[in-house]
$ cat structure_37.csv   # CSV, C-alpha atoms
chain,number,residue,atom,x,y,z
A,1,MET,CA,-74.9,-13.1,-5.6
A,2,ALA,CA,-71.9,-13.8,-7.7
A,3,CYS,CA,-70.5,-10.4,-8.5
A,4,PHE,CA,-67.2,-11.3,-7.0
A,5,LEU,CA,-66.6,-13.9,-9.8
A,6,VAL,CA,-65.9,-11.0,-12.2
A,7,SER,CA,-63.0,-9.8,-10.1
A,8,VAL,CA,-61.7,-13.3,-9.7
A,9,ALA,CA,-61.7,-13.8,-13.5
A,10,GLU,CA,-59.9,-10.5,-14.0
A,11,ALA,CA,-57.4,-11.5,-11.3
A,12,VAL,CA,-56.6,-14.8,-13.1
A,13,VAL,CA,-56.0,-12.9,-16.3
A,14,VAL,CA,-53.8,-10.4,-14.5
A,15,LYS,CA,-51.8,-13.1,-12.8
A,16,VAL,CA,-51.1,-14.7,-16.2
A,17,ALA,CA,-50.0,-11.3,-17.5
A,18,GLU,CA,-47.8,-10.8,-14.4
A,19,LYS,CA,-46.0,-14.1,-15.0
A,20,ALA,CA,-45.4,-13.2,-18.7
A,21,ALA,CA,-44.1,-9.7,-17.7
A,22,LYS,CA,-41.8,-11.3,-15.1
A,23,GLN,CA,-40.3,-13.6,-17.8
A,24,ASN,CA,-39.8,-10.6,-20.1
A,25,GLU,CA,-38.0,-8.7,-17.3
A,26,LEU,CA,-35.8,-11.6,-16.6
A,27,ARG,CA,-34.8,-11.9,-20.2
A,28,ALA,CA,-34.1,-8.2,-20.4
A,29,LEU,CA,-31.8,-8.6,-17.3
A,30,GLU,CA,-30.0,-11.5,-18.9
A,31,LYS,CA,-29.4,-9.5,-22.1
A,32,ASN,CA,-28.3,-6.6,-19.9
A,33,THR,CA,-30.2,-4.0,-21.9
A,34,GLU,CA,-30.4,-0.3,-21.2
A,35,LYS,CA,-34.1,-0.7,-20.3
A,36,ALA,CA,-33.2,-3.2,-17.5
A,37,LYS,CA,-30.9,-0.6,-15.9
A,38,GLU,CA,-33.5,2.0,-15.5
A,39,VAL,CA,-34.7,2.7,-11.9
A,40,THR,CA,-38.4,2.0,-12.1
A,41,ILE,CA,-41.0,-0.2,-10.6
A,42,PRO,CA,-41.3,-3.3,-12.8
A,43,LEU,CA,-44.5,-4.0,-14.5
A,44,SER,CA,-44.7,-7.4,-12.9
A,45,ARG,CA,-44.8,-5.8,-9.5
A,46,LYS,CA,-47.5,-3.4,-10.5
A,47,LEU,CA,-49.6,-6.3,-11.9
A,48,LYS,CA,-49.1,-8.1,-8.6
A,49,TRP,CA,-50.6,-5.1,-6.8
A,50,LEU,CA,-53.6,-5.3,-9.1
A,51,SER,CA,-54.1,-9.1,-8.7
A,52,ASN,CA,-53.7,-8.8,-4.9
A,53,MET,CA,-56.3,-6.0,-4.8
A,54,LEU,CA,-58.7,-8.0,-6.9
A,55,LEU,CA,-58.3,-11.2,-5.1
A,56,GLY,CA,-58.4,-9.6,-1.6
A,57,GLY,CA,-61.7,-7.9,-2.4
A,58,SER,CA,-63.1,-11.0,-4.0
A,59,VAL,CA,-62.3,-13.1,-0.9
A,60,LEU,CA,-63.9,-10.6,1.4
A,61,LEU,CA,-67.0,-10.4,-0.8
A,62,ALA,CA,-67.2,-14.2,-1.1
A,63,PHE,CA,-67.1,-14.4,2.7
A,64,GLU,CA,-70.0,-11.9,2.9
A,65,HIS,CA,-72.0,-14.1,0.4
A,66,VAL,CA,-71.3,-17.2,2.5
A,67,TRP,CA,-72.4,-15.3,5.6
A,68,HIS,CA,-75.7,-14.4,4.0
A,69,GLY,CA,-76.2,-18.0,2.6
A,70,GLU,CA,-75.8,-17.1,-1.0
A,71,ILE,CA,-72.9,-19.6,-1.4
A,72,VAL,CA,-73.4,-23.1,0.0
A,73,PRO,CA,-71.0,-26.1,0.3
A,74,TRP,CA,-73.1,-28.3,-2.0
A,75,PHE,CA,-73.7,-28.2,-5.8
A,76,PRO,CA,-74.5,-25.8,-7.5
A,77,PHE,CA,-72.7,-23.8,-4.8
A,78,LEU,CA,-74.5,-20.6,-5.7
A,79,THR,CA,-78.1,-20.6,-4.5
A,80,ALA,CA,-79.1,-18.5,-7.5
A,81,MET,CA,-78.1,-21.3,-9.9
A,82,SER,CA,-81.0,-23.5,-8.7
A,83,ASP,CA,-83.7,-21.4,-10.3
A,84,PRO,CA,-83.6,-20.0,-13.8
A,85,GLU,CA,-85.2,-16.7,-12.7
A,86,ASP,CA,-82.6,-16.3,-10.0
A,87,THR,CA,-79.9,-17.2,-12.5
A,88,ALA,CA,-80.9,-14.4,-14.8
A,89,GLU,CA,-80.9,-12.0,-11.9
A,90,MET,CA,-77.4,-13.2,-10.9
A,91,LEU,CA,-76.0,-12.8,-14.4
A,92,HIS,CA,-77.5,-9.2,-14.5
A,93,GLU,CA,-75.8,-8.5,-11.2
A,94,MET,CA,-72.5,-9.8,-12.4
A,95,ALA,CA,-72.8,-7.7,-15.6
A,96,THR,CA,-73.6,-4.5,-13.7
A,97,ILE,CA,-72.2,-4.6,-10.1
A,98,GLY,CA,-69.4,-7.1,-10.7
A,99,VAL,CA,-68.0,-5.3,-13.8
A,100,SER,CA,-68.3,-1.8,-12.1
A,101,MET,CA,-66.4,-3.1,-9.0
A,102,ALA,CA,-63.6,-4.6,-11.2
A,103,VAL,CA,-63.4,-1.4,-13.2
A,104,LEU,CA,-63.2,0.7,-10.1
A,105,VAL,CA,-60.4,-1.4,-8.6
A,106,THR,CA,-58.5,-1.2,-11.9
A,107,VAL,CA,-58.9,2.6,-12.0
A,108,VAL,CA,-57.6,2.9,-8.4
A,109,TRP,CA,-54.7,0.7,-9.4
A,110,ILE,CA,-53.9,2.9,-12.3
A,111,GLY,CA,-53.9,5.9,-10.0
A,112,MET,CA,-51.5,4.0,-7.6
A,113,CYS,CA,-49.2,3.2,-10.5
A,114,ILE,CA,-49.1,6.8,-11.6
A,115,ALA,CA,-48.4,8.0,-8.1
A,116,ALA,CA,-45.7,5.4,-7.6
A,117,ASP,CA,-44.0,6.4,-10.8
A,118,VAL,CA,-44.0,10.0,-9.9
A,119,ILE,CA,-42.5,9.3,-6.5
A,120,VAL,CA,-39.8,7.1,-8.0
A,121,ARG,CA,-38.8,9.7,-10.5
A,122,ARG,CA,-38.5,12.5,-8.0
A,123,PRO,CA,-35.0,13.7,-7.6
A,124,GLU,CA,-33.5,12.9,-4.2
A,125,LYS,CA,-32.9,15.9,-1.9
A,126,THR,CA,-29.3,16.5,-0.8
A,127,PRO,CA,-28.6,17.5,2.8
A,128,ALA,CA,-27.9,21.1,1.6
A,129,GLN,CA,-31.4,21.3,0.1
A,130,THR,CA,-33.3,20.3,3.2
A,131,THR,CA,-34.1,23.1,5.7
A,132,THR,CA,-34.8,22.8,9.4
A,133,VAL,CA,-37.1,25.2,11.1
$ encode --input "structure_37.csv" --output "structure tokens"
Amino acid sequence: MACFLVSVAEAVVVKVAEKAAKQNELRALEKNTEKAKEVTIPLSRKLKWLSNMLLGGSVLLAFEHVWHGEIVPWFPFLTAMSDPEDTAEMLHEMATIGVSMAVLVTVVWIGMCIAADVIVRRPEKTPAQTTTV
């Protein structure tokens, strides 16, 4: 019913963290520190990946809820909010399904970040090292 709101809330928090990380990276570049000269994927870019994954999934899930009539264009917008019994069921769904979806997306993002860091740190092959068969 409203499980997508958990991912939206996480995406908002991640977006704020992304902006803060971007400011820190810009300050490091201005100070010309050694950390700024490293060849890595910046944290702000990785956080942008996470926020895009969370928001993309949330938009698709919200569309599905609109399609099934669980979200309406009039107040209270969520049909489960009109009845206290349905509200309790909605909050339970948010606590179980919504949180587990957000955790799964975050775990997949962590795997993406690890894989990206491994790829970036790989040494480049010189033409002499490549073989043609």
$ residues_near_point --input "structure_37.csv" --point "(-54.9, -10.4, -3.3)" --cutoff "12 Å" --atoms "all atoms listed in the file" --output "VMD selection string"
chain A and resid 7 to 8 10 to 12 14 to 15 47 to 60 105
$ atom_distance --input "structure_37.csv" --atom1 "CA of Cys3 (chain A)" --atom2 "CA of Pro84 (chain A)"
17.1 Å
$ residues_around --input "structure_37.csv" --residues "His92 (chain A)" --least-positions-apart "6" --cutoff "12 Å" --atoms "only C-alpha atoms" --output "VMD selection string"
chain A and resid 1 to 3 6 80 85 to 86 98 to 99
$ residues_around --input "structure_37.csv" --residues "Ile41 (chain A)" --least-positions-apart "3" --cutoff "10 Å" --atoms "all atoms listed in the file" --output "MDAnalysis selection string"
chainID A and resid 38 44:46 113 116:117 120
$ atom_distance --input "structure_37.csv" --atom1 "CA of Glu70 (chain A)" --atom2 "CA of Ala102 (chain A)"
20.2 Å
$ build_atoms --input "structure_37.csv" --residues "region 89-121 of chain A" --atoms "N, CA and C atoms" --output "short mmCIF file (atom, residue, chain, number, x, y, z; two decimals), in the frame of the given file"
data_model
loop_
_atom_site.label_atom_id
_atom_site.label_comp_id
_atom_site.auth_asym_id
_atom_site.auth_seq_id
_atom_site.Cartn_x
_atom_site.Cartn_y
_atom_site.Cartn_z
N GLU A 89 -81.15 -13.08 -12.77
CA GLU A 89 -80.90 -12.00 -11.90
C GLU A 89 -79.37 -11.95 -11.49
N MET A 90 -78.82 -13.14 -11.24
CA MET A 90 -77.40 -13.20 -10.90
C MET A 90 -76.52 -12.76 -12.03
N LEU A 91 -76.83 -13.18 -13.25
CA LEU A 91 -76.00 -12.80 -14.40
C LEU A 91 -76.13 -11.25 -14.63
N HIS A 92 -77.30 -10.70 -14.38
CA HIS A 92 -77.50 -9.20 -14.50
C HIS A 92 -76.61 -8.53 -13.43
N GLU A 93 -76.60 -9.07 -12.22
CA GLU A 93 -75.80 -8.50 -11.20
C GLU A 93 -74.29 -8.57 -11.48
N MET A 94 -73.89 -9.70 -12.06
CA MET A 94 -72.50 -9.80 -12.40
C MET A 94 -72.12 -8.83 -13.53
N ALA A 95 -73.04 -8.60 -14.47
CA ALA A 95 -72.80 -7.70 -15.60
C ALA A 95 -72.77 -6.24 -15.14
N THR A 96 -73.50 -5.90 -14.12
CA THR A 96 -73.60 -4.50 -13.70
C THR A 96 -72.65 -4.25 -12.49
N ILE A 97 -72.96 -4.85 -11.37
CA ILE A 97 -72.20 -4.60 -10.10
C ILE A 97 -70.81 -5.19 -10.21
N GLY A 98 -70.68 -6.42 -10.67
CA GLY A 98 -69.40 -7.10 -10.70
C GLY A 98 -68.40 -6.34 -11.65
N VAL A 99 -68.87 -5.98 -12.83
CA VAL A 99 -68.00 -5.30 -13.80
C VAL A 99 -67.65 -3.90 -13.25
N SER A 100 -68.60 -3.18 -12.66
CA SER A 100 -68.30 -1.80 -12.10
C SER A 100 -67.29 -1.91 -10.98
N MET A 101 -67.40 -2.94 -10.13
CA MET A 101 -66.40 -3.10 -9.00
C MET A 101 -65.03 -3.37 -9.59
N ALA A 102 -64.95 -4.26 -10.58
CA ALA A 102 -63.60 -4.60 -11.20
C ALA A 102 -63.04 -3.38 -11.86
N VAL A 103 -63.87 -2.60 -12.54
CA VAL A 103 -63.40 -1.40 -13.20
C VAL A 103 -62.89 -0.38 -12.18
N LEU A 104 -63.63 -0.21 -11.09
CA LEU A 104 -63.20 0.70 -10.10
C LEU A 104 -61.89 0.33 -9.44
N VAL A 105 -61.72 -0.94 -9.14
CA VAL A 105 -60.40 -1.40 -8.60
C VAL A 105 -59.31 -1.15 -9.57
N THR A 106 -59.55 -1.39 -10.84
CA THR A 106 -58.50 -1.20 -11.90
C THR A 106 -58.18 0.30 -11.99
N VAL A 107 -59.17 1.17 -11.90
CA VAL A 107 -58.90 2.60 -12.00
C VAL A 107 -58.10 3.08 -10.77
N VAL A 108 -58.43 2.57 -9.60
CA VAL A 108 -57.60 2.90 -8.40
C VAL A 108 -56.21 2.41 -8.55
N TRP A 109 -56.04 1.22 -9.11
CA TRP A 109 -54.70 0.70 -9.40
C TRP A 109 -53.91 1.56 -10.33
N ILE A 110 -54.57 2.04 -11.38
CA ILE A 110 -53.90 2.90 -12.30
C ILE A 110 -53.42 4.19 -11.61
N GLY A 111 -54.26 4.74 -10.74
CA GLY A 111 -53.90 5.90 -10.00
C GLY A 111 -52.67 5.59 -9.06
N MET A 112 -52.67 4.40 -8.45
CA MET A 112 -51.50 4.00 -7.60
C MET A 112 -50.25 3.90 -8.43
N CYS A 113 -50.34 3.34 -9.62
CA CYS A 113 -49.20 3.20 -10.50
C CYS A 113 -48.62 4.54 -10.90
N ILE A 114 -49.50 5.47 -11.24
CA ILE A 114 -49.10 6.80 -11.60
C ILE A 114 -48.38 7.50 -10.45
N ALA A 115 -49.00 7.41 -9.27
CA ALA A 115 -48.40 8.00 -8.10
C ALA A 115 -47.05 7.39 -7.75
N ALA A 116 -46.95 6.08 -7.87
CA ALA A 116 -45.70 5.40 -7.60
C ALA A 116 -44.60 5.82 -8.55
N ASP A 117 -44.95 5.94 -9.83
CA ASP A 117 -44.00 6.40 -10.80
C ASP A 117 -43.49 7.79 -10.58
N VAL A 118 -44.42 8.66 -10.17
CA VAL A 118 -44.00 10.00 -9.90
C VAL A 118 -43.08 10.07 -8.68
N ILE A 119 -43.37 9.29 -7.66
CA ILE A 119 -42.50 9.30 -6.50
C ILE A 119 -41.14 8.70 -6.81
N VAL A 120 -41.08 7.66 -7.63
CA VAL A 120 -39.80 7.10 -8.00
C VAL A 120 -38.95 8.01 -8.80
N ARG A 121 -39.57 8.79 -9.66
CA ARG A 121 -38.80 9.70 -10.50
C ARG A 121 -38.41 10.99 -9.89
#
